Amino acid sequence: MTTRELDKRSIALAFDRAAPTYEAHDVLQREVAARLLERLDYTTVQPSRVLDLGAGTGRCARALAGRYRKALITECDLAPAMLRMSRERAPRWFSRHRYVCADVEALPFAAGAFELIVSSLSLQWCEALPAAFGEARRTLREGGLFLFSTLGPDTLKELRAASAAVDESPRVNRFIDMHVIGDALGAAGFADPVMEAERITVEYDDAMTLLRDLKGLGATNAQSGRARGLLARRRLQALVAAYEPFRRDGKMPATYEVVYGHAWAAPQRPAKGPTEQVFPLSQLRRR
Ligand SMILES: C[S@@+](CC[C@H](N)C(=O)[O-])C[C@H]1O[C@@H](n2cnc3c(N)ncnc32)[C@H](O)[C@@H]1O
């Protein structure tokens, strides 16, 4: 198995384990999803087929179903337990709903299958953003809307610094800059991309509560260099102590750089035709 497959498996496993606790820790995710979906108020899209990429326990999908009552909503996630949790939480009136366990970088849907694709705080888990954007473009109908939120490089900067002071094993994922994301959208065949970023600071009483939140969400580091297993007690104490200098007004801040983006599925460029034609010699002679 390749490192990439191993990482995907460990991401799926972490989110599988977190599925029962996720909604007890998702204050930020809930807020970001609400801010993301508000952006739909300024569009006139009336989709009949909607895809939620990295749907988790289905908070976004439930809001989308309320917004577009007649639409078929597809929830897609790498972690089967997340989808099971979402199905359990679905209200009775959800008749036009389906759940698909798949990787956003290799979607099992036909080209042009959706008119709207939404993804909230999931794309930062992708190995290759261009692959995910390519799949979003392929499965969107021409003129369809892709709306997403993800995390930028300043995310959890305090934890990153505290962790670097303790040892060299990274405990915070690397996040991609908003401008790079915008360029990747264009390269994948999206038009008129709009990118925005905002910083949201979540305040904790102590660093341990932040770490518990991250674990409860399944947001454990997927980088292969990560130390495996539970943090040794001594290292955990060192990490908590190294976070202490960030305390402000008695509270421990955790910064999130939230990136919002949307873009429209541009017409696909026609594939280039052959530049030369080959005929058997006999046919040429006849001609
Ligand atoms: C932080 S949760 C966000 C869930 C939901 N969108 C929300 O706003 O609450 C990230 C989700 O992305 C999923 N995920 C991570 N990598 C994925 C991938 N490559 N393909 C599909 N889903 C993925 C995880 O399983 C998890 O459910």
# chains A, B, ... in the order shown; residues from 1 in each chain; ligands from 1
$ closest_atom_pairs --of "region 121-185 of chain A" --to "region 7-14 of chain A" --cutoff "9 Å" --atoms "only C-alpha atoms" --output "CSV"
residue,atom,partner,partner_atom,distance
A:Trp125,CA,A:Ile11,CA,7.9
A:Cys126,CA,A:Lys8,CA,8.7
A:Glu127,CA,A:Lys8,CA,8.3
$ write_last_selection --atoms "N, CA and C atoms" --output "compact mmCIF listing (two decimals), in the first residue's frame"
# COMPACT_ATOMS: atom_id res chain seq x y z
N TRP A 125 -8.32 18.38 3.69
CA TRP A 125 -7.86 17.01 3.93
C TRP A 125 -7.39 16.33 2.65
N CYS A 126 -7.55 17.00 1.52
CA CYS A 126 -7.16 16.38 0.24
C CYS A 126 -5.66 16.30 0.11
N GLU A 127 -5.24 15.28 -0.56
CA GLU A 127 -3.82 15.09 -0.87
C GLU A 127 -3.44 16.05 -2.01
$ select_by_dssp --residues "region 15-257 of chain A" --states "alpha helix (DSSP H)" --output "number ranges by chain"
A: 15-18, 22-25, 27-38, 59-67, 80-89, 129-139, 157-166, 178-187, 207-217, 233-243
$ residues_near_ligand --ligand "ligand 1" --cutoff "7 Å" --atoms "only C-alpha atoms and all ligand atoms" --output "JSON, numbers by chain"
{"A": [8, 11, 12, 15, 26, 29, 30, 33, 53, 54, 55, 56, 57, 58, 59, 60, 76, 77, 78, 79, 82, 102, 103, 104, 105, 119, 120, 121, 122, 123, 125, 126, 217, 219]}
$ closest_residue --among "A:Ala188, A:Gly182, A:Val258, A:Arg87" --to "Gln124 (chain A)" --atoms "only C-alpha atoms"
A:Val258
$ residues_around --residues "Leu145 (chain A)" --least-positions-apart "4" --cutoff "8 Å" --atoms "only C-alpha atoms" --output "ChimeraX atom specification"
/A:45,115-117,140,262-265
$ select_by_dssp --residues "region 1-107 of chain A" --states "strand (DSSP E or B)" --output "list in words"
Arg49, Val50, Leu51, Asp52, Leu53, Leu72, Ile73, Thr74, Glu75, Cys76, Asp77, His97, Arg98, Tyr99, Val100, Cys101, Asp103 and Ala106 of chain A
$ residues_around --residues "Val27 (chain A)" --least-positions-apart "3" --cutoff "12 Å" --atoms "only C-alpha atoms" --output "list in words"
Tyr22, Glu23, Ala24, Arg30, Glu31, Val32, Ala33, Ala34, Arg59, Ile200, Thr201, Val202, Glu203, Leu210, Asp213, Leu214, Gly216 and Leu217 of chain A
$ atom_distance --atom1 "CA of Pro153 (chain A)" --atom2 "CA of Leu107 (chain A)"
26.6 Å
$ residues_around --residues "Gly144 (chain A)" --least-positions-apart "4" --cutoff "12 Å" --atoms "only C-alpha atoms" --output "PyMOL selection string"
chain A and resi 43-51+111-118+136-140+189-192+262-267
$ residues_around --residues "Ala65 (chain A)" --least-positions-apart "3" --cutoff "12 Å" --atoms "only C-alpha atoms" --output "JSON, numbers by chain"
{"A": [37, 46, 47, 48, 49, 50, 51, 52, 58, 59, 60, 61, 62, 68, 69, 70, 71, 72, 73, 74, 75, 90, 91, 92, 93, 94, 95, 96, 97, 98]}
$ residues_around --residues "Met252 (chain A)" --least-positions-apart "3" --cutoff "6 Å" --atoms "only C-alpha atoms" --output "short mmCIF file (atom, residue, chain, number, x, y, z; two decimals) with N, CA and C atoms, in the first residue's frame"
data_model
loop_
_atom_site.label_atom_id
_atom_site.label_comp_id
_atom_site.auth_asym_id
_atom_site.auth_seq_id
_atom_site.Cartn_x
_atom_site.Cartn_y
_atom_site.Cartn_z
N GLU A 203 -11.74 30.88 21.55
CA GLU A 203 -11.04 31.03 22.84
C GLU A 203 -11.32 29.84 23.75
N TYR A 204 -10.24 29.32 24.30
CA TYR A 204 -10.36 28.16 25.19
C TYR A 204 -9.86 28.55 26.58
N ASP A 205 -10.28 27.77 27.59
CA ASP A 205 -9.75 28.00 28.94
C ASP A 205 -8.31 27.52 29.00
N ASP A 206 -8.02 26.44 28.29
CA ASP A 206 -6.66 25.91 28.29
C ASP A 206 -6.41 25.12 27.01
N ARG A 247 -1.47 32.89 25.89
CA ARG A 247 -2.66 33.27 26.67
C ARG A 247 -2.86 34.78 26.62
#
$ atom_distance --atom1 "CA of Val100 (chain A)" --atom2 "CA of Asn173 (chain A)"
25.9 Å
$ atom_distance --atom1 "CA of Ala132 (chain A)" --atom2 "CA of Ala184 (chain A)"
9.9 Å
$ closest_atom_pairs --of "region 101-206 of chain A" --to "region 236-244 of chain A" --cutoff "12 Å" --atoms "only C-alpha atoms" --output "Markdown table"
| residue | atom | partner | partner_atom | distance |
| --- | --- | --- | --- | --- |
| A:Leu156 | CA | A:Tyr243 | CA | 11.2 |
| A:Lys157 | CA | A:Tyr243 | CA | 10.6 |
| A:Glu158 | CA | A:Tyr243 | CA | 6.9 |
| A:Leu159 | CA | A:Tyr243 | CA | 6.7 |
| A:Arg160 | CA | A:Tyr243 | CA | 9.4 |
| A:Ala161 | CA | A:Tyr243 | CA | 8.0 |
| A:Ala162 | CA | A:Ala242 | CA | 4.9 |
| A:Ser163 | CA | A:Leu239 | CA | 5.9 |
| A:Ala164 | CA | A:Leu239 | CA | 8.9 |
| A:Ala165 | CA | A:Ala242 | CA | 6.7 |
| A:Val166 | CA | A:Leu239 | CA | 6.0 |
| A:Asp167 | CA | A:Leu239 | CA | 9.1 |
| A:Glu168 | CA | A:Leu239 | CA | 11.9 |
| A:Ser169 | CA | A:Leu239 | CA | 11.8 |
| A:Pro170 | CA | A:Leu239 | CA | 11.9 |
| A:Arg171 | CA | A:Leu239 | CA | 10.4 |
| A:Tyr204 | CA | A:Glu244 | CA | 11.5 |
| A:Asp205 | CA | A:Glu244 | CA | 10.8 |
| A:Asp206 | CA | A:Val240 | CA | 8.0 |
$ write_last_selection --atoms "N, CA and C atoms" --output "mmCIF file, in the first residue's frame"
data_model
loop_
_atom_site.group_PDB
_atom_site.id
_atom_site.type_symbol
_atom_site.label_atom_id
_atom_site.label_comp_id
_atom_site.auth_asym_id
_atom_site.auth_seq_id
_atom_site.Cartn_x
_atom_site.Cartn_y
_atom_site.Cartn_z
ATOM 1 N N LEU A 156 -4.428 27.507 13.195
ATOM 2 C CA LEU A 156 -3.780 26.861 14.356
ATOM 3 C C LEU A 156 -2.300 27.242 14.453
ATOM 4 N N LYS A 157 -2.013 28.505 14.144
ATOM 5 C CA LYS A 157 -0.601 28.931 14.160
ATOM 6 C C LYS A 157 -0.008 28.832 15.564
ATOM 7 N N GLU A 158 -0.850 29.055 16.597
ATOM 8 C CA GLU A 158 -0.329 28.970 17.968
ATOM 9 C C GLU A 158 0.067 27.528 18.295
ATOM 10 N N LEU A 159 -0.790 26.588 17.883
ATOM 11 C CA LEU A 159 -0.506 25.173 18.153
ATOM 12 C C LEU A 159 0.725 24.717 17.377
ATOM 13 N N ARG A 160 0.839 25.218 16.140
ATOM 14 C CA ARG A 160 1.994 24.864 15.312
ATOM 15 C C ARG A 160 3.293 25.331 16.009
ATOM 16 N N ALA A 161 3.271 26.600 16.508
ATOM 17 C CA ALA A 161 4.471 27.147 17.148
ATOM 18 C C ALA A 161 4.772 26.395 18.449
ATOM 19 N N ALA A 162 3.739 26.126 19.240
ATOM 20 C CA ALA A 162 3.942 25.415 20.513
ATOM 21 C C ALA A 162 4.500 24.026 20.244
ATOM 22 N N SER A 163 3.954 23.378 19.229
ATOM 23 C CA SER A 163 4.378 22.019 18.913
ATOM 24 C C SER A 163 5.818 21.990 18.396
ATOM 25 N N ALA A 164 6.205 23.027 17.622
ATOM 26 C CA ALA A 164 7.588 23.096 17.112
ATOM 27 C C ALA A 164 8.574 23.292 18.259
ATOM 28 N N ALA A 165 8.090 23.949 19.324
ATOM 29 C CA ALA A 165 8.976 24.177 20.472
ATOM 30 C C ALA A 165 9.211 22.881 21.254
ATOM 31 N N VAL A 166 8.324 21.896 21.091
ATOM 32 C CA VAL A 166 8.427 20.653 21.860
ATOM 33 C C VAL A 166 9.292 19.625 21.136
ATOM 34 N N ASP A 167 8.961 19.370 19.885
ATOM 35 C CA ASP A 167 9.780 18.442 19.084
ATOM 36 C C ASP A 167 9.504 18.681 17.605
ATOM 37 N N GLU A 168 10.024 17.824 16.778
ATOM 38 C CA GLU A 168 9.940 18.085 15.336
ATOM 39 C C GLU A 168 8.771 17.391 14.653
ATOM 40 N N SER A 169 8.003 16.565 15.396
ATOM 41 C CA SER A 169 6.905 15.874 14.696
ATOM 42 C C SER A 169 5.736 16.838 14.527
ATOM 43 N N PRO A 170 5.300 17.077 13.263
ATOM 44 C CA PRO A 170 4.264 18.078 13.032
ATOM 45 C C PRO A 170 2.905 17.631 13.584
ATOM 46 N N ARG A 171 2.230 18.525 14.305
ATOM 47 C CA ARG A 171 0.900 18.168 14.817
ATOM 48 C C ARG A 171 -0.196 18.977 14.139
ATOM 49 N N TYR A 204 -10.240 29.319 24.299
ATOM 50 C CA TYR A 204 -10.356 28.160 25.193
ATOM 51 C C TYR A 204 -9.857 28.549 26.576
ATOM 52 N N ASP A 205 -10.282 27.770 27.593
ATOM 53 C CA ASP A 205 -9.750 28.001 28.938
ATOM 54 C C ASP A 205 -8.305 27.524 29.002
ATOM 55 N N ASP A 206 -8.025 26.438 28.293
ATOM 56 C CA ASP A 206 -6.656 25.906 28.289
ATOM 57 C C ASP A 206 -6.409 25.122 27.007
#
$ closest_residue --among "A:Pro20, A:Ala187, A:Lys215, A:Thr255" --to "Glu88 (chain A)" --atoms "only C-alpha atoms"
A:Pro20
$ decode --residues "region 177-222 of chain A" --atoms "C-alpha atoms" --output "PDB file, in the first residue's frame"
ATOM      1  CA  ASP A 177      -2.671  29.789   0.456  1.00  0.00           C
ATOM      2  CA  MET A 178      -5.870  31.348  -0.883  1.00  0.00           C
ATOM      3  CA  HIS A 179      -4.159  32.607  -4.063  1.00  0.00           C
ATOM      4  CA  VAL A 180      -2.883  29.141  -4.911  1.00  0.00           C
ATOM      5  CA  ILE A 181      -6.415  27.807  -4.401  1.00  0.00           C
ATOM      6  CA  GLY A 182      -7.807  30.459  -6.760  1.00  0.00           C
ATOM      7  CA  ASP A 183      -5.253  29.545  -9.435  1.00  0.00           C
ATOM      8  CA  ALA A 184      -6.058  25.837  -9.040  1.00  0.00           C
ATOM      9  CA  LEU A 185      -9.743  26.605  -9.656  1.00  0.00           C
ATOM     10  CA  GLY A 186      -8.930  28.328 -12.944  1.00  0.00           C
ATOM     11  CA  ALA A 187      -6.652  25.478 -14.015  1.00  0.00           C
ATOM     12  CA  ALA A 188      -9.416  22.952 -13.303  1.00  0.00           C
ATOM     13  CA  GLY A 189     -11.828  24.703 -15.674  1.00  0.00           C
ATOM     14  CA  PHE A 190     -13.741  27.044 -13.388  1.00  0.00           C
ATOM     15  CA  ALA A 191     -14.643  30.595 -14.382  1.00  0.00           C
ATOM     16  CA  ASP A 192     -15.020  33.790 -12.326  1.00  0.00           C
ATOM     17  CA  PRO A 193     -13.510  32.458  -9.100  1.00  0.00           C
ATOM     18  CA  VAL A 194     -14.130  34.574  -6.016  1.00  0.00           C
ATOM     19  CA  MET A 195     -11.938  33.975  -2.976  1.00  0.00           C
ATOM     20  CA  GLU A 196     -12.209  35.540   0.476  1.00  0.00           C
ATOM     21  CA  ALA A 197     -10.516  34.833   3.785  1.00  0.00           C
ATOM     22  CA  GLU A 198     -11.309  35.719   7.378  1.00  0.00           C
ATOM     23  CA  ARG A 199      -9.687  34.936  10.679  1.00  0.00           C
ATOM     24  CA  ILE A 200     -11.816  33.449  13.409  1.00  0.00           C
ATOM     25  CA  THR A 201     -10.344  33.063  16.889  1.00  0.00           C
ATOM     26  CA  VAL A 202     -11.810  30.426  19.158  1.00  0.00           C
ATOM     27  CA  GLU A 203     -11.042  31.026  22.838  1.00  0.00           C
ATOM     28  CA  TYR A 204     -10.356  28.160  25.193  1.00  0.00           C
ATOM     29  CA  ASP A 205      -9.750  28.001  28.938  1.00  0.00           C
ATOM     30  CA  ASP A 206      -6.656  25.906  28.289  1.00  0.00           C
ATOM     31  CA  ALA A 207      -4.739  24.153  25.512  1.00  0.00           C
ATOM     32  CA  MET A 208      -5.945  20.712  26.652  1.00  0.00           C
ATOM     33  CA  THR A 209      -9.537  21.647  25.792  1.00  0.00           C
ATOM     34  CA  LEU A 210      -8.435  22.650  22.280  1.00  0.00           C
ATOM     35  CA  LEU A 211      -6.606  19.336  21.849  1.00  0.00           C
ATOM     36  CA  ARG A 212      -9.694  17.449  23.070  1.00  0.00           C
ATOM     37  CA  ASP A 213     -11.815  19.371  20.560  1.00  0.00           C
ATOM     38  CA  LEU A 214      -9.494  18.457  17.693  1.00  0.00           C
ATOM     39  CA  LYS A 215      -9.568  14.802  18.706  1.00  0.00           C
ATOM     40  CA  GLY A 216     -13.363  14.842  19.077  1.00  0.00           C
ATOM     41  CA  LEU A 217     -13.632  16.229  15.536  1.00  0.00           C
ATOM     42  CA  GLY A 218     -11.285  13.603  14.102  1.00  0.00           C
ATOM     43  CA  ALA A 219      -8.890  16.397  13.118  1.00  0.00           C
ATOM     44  CA  THR A 220      -5.691  14.539  13.876  1.00  0.00           C
ATOM     45  CA  ASN A 221      -2.642  15.240  11.738  1.00  0.00           C
ATOM     46  CA  ALA A 222      -2.440  13.099   8.599  1.00  0.00           C
TER      47      ALA A 222
END
